[in-house]
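Peer 1: Hey, dropping upload-v4.txt in here, compact mmCIF, C-alpha atoms:
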# COMPACT_ATOMS: atom_id res chain seq x y z
CA MET A 222 0.00 0.00 0.00
CA ARG A 223 2.84 2.35 0.77
CA ARG A 224 4.16 2.18 -2.77
CA LEU A 225 0.81 3.13 -4.24
CA GLY A 226 0.69 6.45 -2.37
CA PRO A 227 3.88 7.95 -3.92
CA LEU A 228 3.03 6.43 -7.30
CA ALA A 229 -0.47 7.92 -7.23
CA ALA A 230 0.92 11.29 -6.15
CA GLY A 231 3.48 11.21 -8.96
CA LEU A 232 0.83 10.27 -11.49
CA ALA A 233 -1.49 13.05 -10.28
CA GLY A 234 1.38 15.58 -10.54
CA ALA A 235 2.23 14.44 -14.06
CA LEU A 236 -1.40 14.74 -15.13
CA ALA A 237 -1.64 18.21 -13.63
CA LEU A 238 1.49 19.33 -15.51
CA ALA A 239 0.20 17.81 -18.73
CA GLY A 240 -3.01 19.80 -18.31
CA CYS A 241 -1.01 23.03 -17.94
CA GLY A 242 0.82 22.41 -21.20
CA SER A 243 -2.26 21.55 -23.19
CA GLY A 244 -1.68 24.35 -25.67
CA SER A 245 -4.96 26.00 -24.83
CA SER A 246 -5.24 29.03 -27.08
CA SER A 247 -6.61 31.12 -24.21
CA ASP A 248 -3.21 30.97 -22.47
CA SER A 249 -0.87 31.16 -25.47
CA ALA A 250 1.19 34.13 -26.61
CA PRO A 251 0.32 36.03 -29.78
CA ASP A 252 1.08 34.00 -32.93
CA LEU A 253 1.18 36.47 -35.83
CA ALA A 254 1.24 35.95 -39.58
CA VAL A 255 1.08 38.66 -42.24
CA GLY A 256 -0.53 38.24 -45.65
CA ALA A 257 -2.35 40.00 -48.49
CA ALA A 258 0.18 42.87 -48.43
CA TYR A 259 0.28 45.38 -51.28
CA MET A 260 0.81 49.03 -52.14
CA PRO A 261 -1.22 50.64 -54.90
CA GLN A 262 1.13 52.49 -57.25
CA PRO A 263 1.23 55.99 -55.77
CA VAL A 264 -0.25 58.87 -57.74
CA SER A 265 1.79 61.29 -55.62
CA ASP A 266 5.56 61.69 -55.56
CA THR A 267 5.54 62.10 -51.78
CA MET A 268 2.84 59.81 -50.33
CA ALA A 269 1.51 56.27 -50.73
CA ALA A 270 -0.82 53.89 -48.94
CA GLY A 271 -0.22 50.30 -47.88
CA PHE A 272 -2.55 47.46 -47.03
CA LEU A 273 -2.17 44.04 -45.42
CA THR A 274 -3.75 41.60 -43.00
CA VAL A 275 -2.20 40.48 -39.70
CA THR A 276 -3.67 37.23 -38.37
CA ASN A 277 -3.23 36.28 -34.72
CA GLU A 278 -3.74 32.56 -34.07
CA GLY A 279 -2.52 32.94 -30.48
CA GLY A 280 -4.60 33.31 -27.35
CA THR A 281 -3.30 36.77 -26.41
CA ALA A 282 -4.01 40.03 -28.21
CA ASP A 283 -1.14 42.10 -29.60
CA GLU A 284 -0.86 45.57 -31.13
CA LEU A 285 0.77 46.95 -34.24
CA THR A 286 2.79 49.83 -32.79
CA SER A 287 4.97 51.11 -35.63
CA VAL A 288 6.11 50.53 -39.19
CA THR A 289 9.33 51.50 -40.95
CA SER A 290 10.45 51.31 -44.56
CA GLU A 291 13.45 52.54 -46.52
CA ALA A 292 10.93 53.61 -49.19
CA ALA A 293 9.68 56.48 -47.01
CA GLY A 294 10.96 58.97 -44.50
CA ARG A 295 8.03 58.08 -42.27
CA VAL A 296 5.34 55.39 -42.19
CA THR A 297 2.28 56.04 -40.05
CA VAL A 298 -0.63 53.85 -38.98
CA HIS A 299 -4.08 55.30 -39.69
CA GLU A 300 -7.50 54.36 -38.40
CA THR A 301 -10.65 55.18 -40.33
CA ALA A 302 -13.84 55.59 -38.32
CA ASP A 303 -17.11 57.15 -39.53
CA GLY A 304 -15.39 58.16 -42.77
CA THR A 305 -12.68 60.08 -40.93
CA MET A 306 -9.02 59.11 -41.13
CA ARG A 307 -6.67 59.80 -38.21
CA GLU A 308 -3.16 58.78 -37.26
CA VAL A 309 -2.96 56.40 -34.27
CA ASP A 310 -0.01 55.07 -32.31
CA ARG A 311 -1.29 51.46 -32.33
CA LEU A 312 -3.96 49.12 -33.67
CA GLU A 313 -5.10 45.99 -31.86
CA ILE A 314 -4.72 42.49 -33.27
CA PRO A 315 -7.25 40.48 -31.24
CA ALA A 316 -6.48 37.01 -29.91
CA GLY A 317 -7.71 34.50 -32.46
CA GLY A 318 -8.58 37.37 -34.83
CA ARG A 319 -7.27 39.65 -37.55
CA LEU A 320 -6.22 43.22 -38.13
CA VAL A 321 -7.23 44.15 -41.66
CA LEU A 322 -5.67 47.19 -43.30
CA GLU A 323 -7.67 47.90 -46.44
CA SER A 324 -8.68 50.65 -48.84
CA GLY A 325 -11.36 52.79 -47.19
CA GLY A 326 -10.46 51.47 -43.73
CA ASN A 327 -7.43 51.25 -41.47
CA HIS A 328 -4.21 51.54 -43.48
CA LEU A 329 -0.53 52.51 -43.60
CA MET A 330 0.58 55.90 -44.94
CA PHE A 331 4.04 56.19 -46.47
CA GLU A 332 5.12 59.82 -46.18
CA LYS A 333 8.16 61.53 -47.74
CA LEU A 334 8.76 58.77 -50.29
CA THR A 335 12.44 58.26 -51.12
CA HIS A 336 11.33 57.41 -54.67
CA ARG A 337 7.97 56.81 -56.29
CA PRO A 338 7.44 53.01 -56.38
CA GLU A 339 6.28 51.66 -59.73
CA GLN A 340 3.98 48.74 -60.48
CA GLY A 341 5.98 45.49 -60.35
CA GLU A 342 8.43 46.73 -57.70
CA THR A 343 8.42 45.48 -54.13
CA VAL A 344 8.57 47.69 -51.05
CA SER A 345 10.00 46.20 -47.86
CA VAL A 346 8.38 47.19 -44.55
CA GLU A 347 9.14 46.23 -40.97
CA LEU A 348 6.14 45.87 -38.67
CA ARG A 349 6.70 46.26 -34.94
CA PHE A 350 4.38 44.96 -32.26
CA ALA A 351 3.81 45.48 -28.54
CA HIS A 352 4.50 41.84 -27.64
CA SER A 353 5.81 39.99 -30.71
CA ASP A 354 9.08 40.18 -32.59
CA PRO A 355 9.24 42.51 -35.61
CA VAL A 356 8.12 41.08 -38.96
CA THR A 357 9.57 42.13 -42.32
CA VAL A 358 7.07 42.04 -45.18
CA GLU A 359 7.66 42.41 -48.92
CA MET A 360 4.81 44.52 -50.26
CA PRO A 361 4.30 44.28 -54.05
CA VAL A 362 3.34 47.49 -55.85
CA LYS A 363 0.07 46.93 -57.73
CA PRO A 364 -1.82 49.15 -60.21
CA ALA A 365 -3.28 52.29 -58.63
CA THR A 366 -6.81 50.90 -59.11
CA TYR A 367 -6.04 47.41 -57.74
CA ARG A 368 -8.61 45.91 -55.38
CA PRO A 369 -7.98 42.42 -53.96
CA THR A 370 -10.63 39.79 -54.54
CA SER A 371 -9.77 37.91 -51.34
CA GLY A 372 -7.62 38.15 -48.23
CA HIS A 373 -9.35 41.24 -46.90
Render the structure in this file as structure tokens.
Peer 2:
Amino acid sequence: MRRLGPLAAGLAGALALAGCGSGSSSDSAPDLAVGAAYMPQPVSDTMAAGFLTVTNEGGTADELTSVTSEAAGRVTVHETADGTMREVDRLEIPAGGRLVLESGGNHLMFEKLTHRPEQGETVSVELRFAHSDPVTVEMPVKPATYRPTSGH
């Protein structure tokens, strides 16, 4: 009988630890992926817009806090609400959700372009987050009138 007590205690401890490491999405860190990135060919020599989708398959929300690119002197994050665009210092990426940057909605603004990107080129951007490591994204330059059929 004495041997059963320590064995049972050890088994109960192992089961408890296994339950803690179950990979439950409610306890996991942000798990970010970026897709559907593009920049419409700018009509201006000094400004451009950028669009993409950040998917968070983790159980913790994160925030897009800043963006940099050698293609522009400054890249800002803009929120569009009630038809009004305004610069913000962060946008939330919900746990198990997506942050969609799209034409007519939230988006990136490339200001003080170092050169005017042309259709067929690729613009590299680095996305920085509150909790996750930075992500570098290659953003293809599409026609000025381009509208994606999916991904947004």
Peer 1: Hey, which of A:Val288, A:Gly325, A:Ala316, A:Lys363 ends up closest to Asp303 of chain A? Count all atoms listed in the file.
Peer 2: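 Residue with the minimum atom-to-atom distance to Asp303 of chain A: A:Gly325.
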Peer 1: One number please: atom CA of Phe272 of chain A to atom CA of Asp310 of chain A, in Å, one decimal.
Peer 2: 16.8 Å
Peer 1: Pick out the closest residue to Pro315 of chain A from this set: A:Glu359, A:Asp283, A:Asp266, A:Glu300. Count all atoms listed in the file.
Peer 2: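 With all atoms listed in the file as the atom set, the closest residue is A:Asp283.
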Peer 1: Kindly give the distance, in Å, that separates atom CA of Gly318 of chain A and atom CA of Arg368 of chain A, rounded to a single decimal.
Peer 2: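 The value is 22.3 Å.
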Peer 1: May I have the residues within 9 Å of Thr267 of chain A as a compact mmCIF listing (two decimals) with C-alpha atoms, keeping the file's coordinate frame, using all atoms listed in the file and disregarding those fewer than 5 positions away in the same chain?
Peer 2:
# COMPACT_ATOMS: atom_id res chain seq x y z
CA ALA A 293 9.68 56.48 -47.01
CA PHE A 331 4.04 56.19 -46.47
CA GLU A 332 5.12 59.82 -46.18
CA LYS A 333 8.16 61.53 -47.74
CA LEU A 334 8.76 58.77 -50.29
CA THR A 335 12.44 58.26 -51.12
CA HIS A 336 11.33 57.41 -54.67
CA ARG A 337 7.97 56.81 -56.29
Peer 1: In Å, how far is it from atom CA of Glu278 of chain A to atom CA of Gly304 of chain A?
Peer 2: 29.4 Å
Peer 1: Which one is closest to Ala257 of chain A: A:Glu323, A:Met306, A:Glu347, A:Gly279? Count all atoms listed in the file.
Peer 2: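 Once distances to Ala257 of chain A are computed over all atoms listed in the file, the minimum belongs to A:Glu323.
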Peer 1: Which neighbours of Pro369 of chain A fall inside 12 Å, counting all atoms listed in the file, when residues of the same chain fewer than 5 positions from it are skipped, and could you give them as a list in words?
Peer 2: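 Residues near the query, excluding close chain neighbours: Gly256, Ala257, Ala258, Tyr259, Met260, Pro261, Phe272, Leu273, Thr274, Leu322, Glu323, Ser324, Lys363 and Pro364 of chain A.
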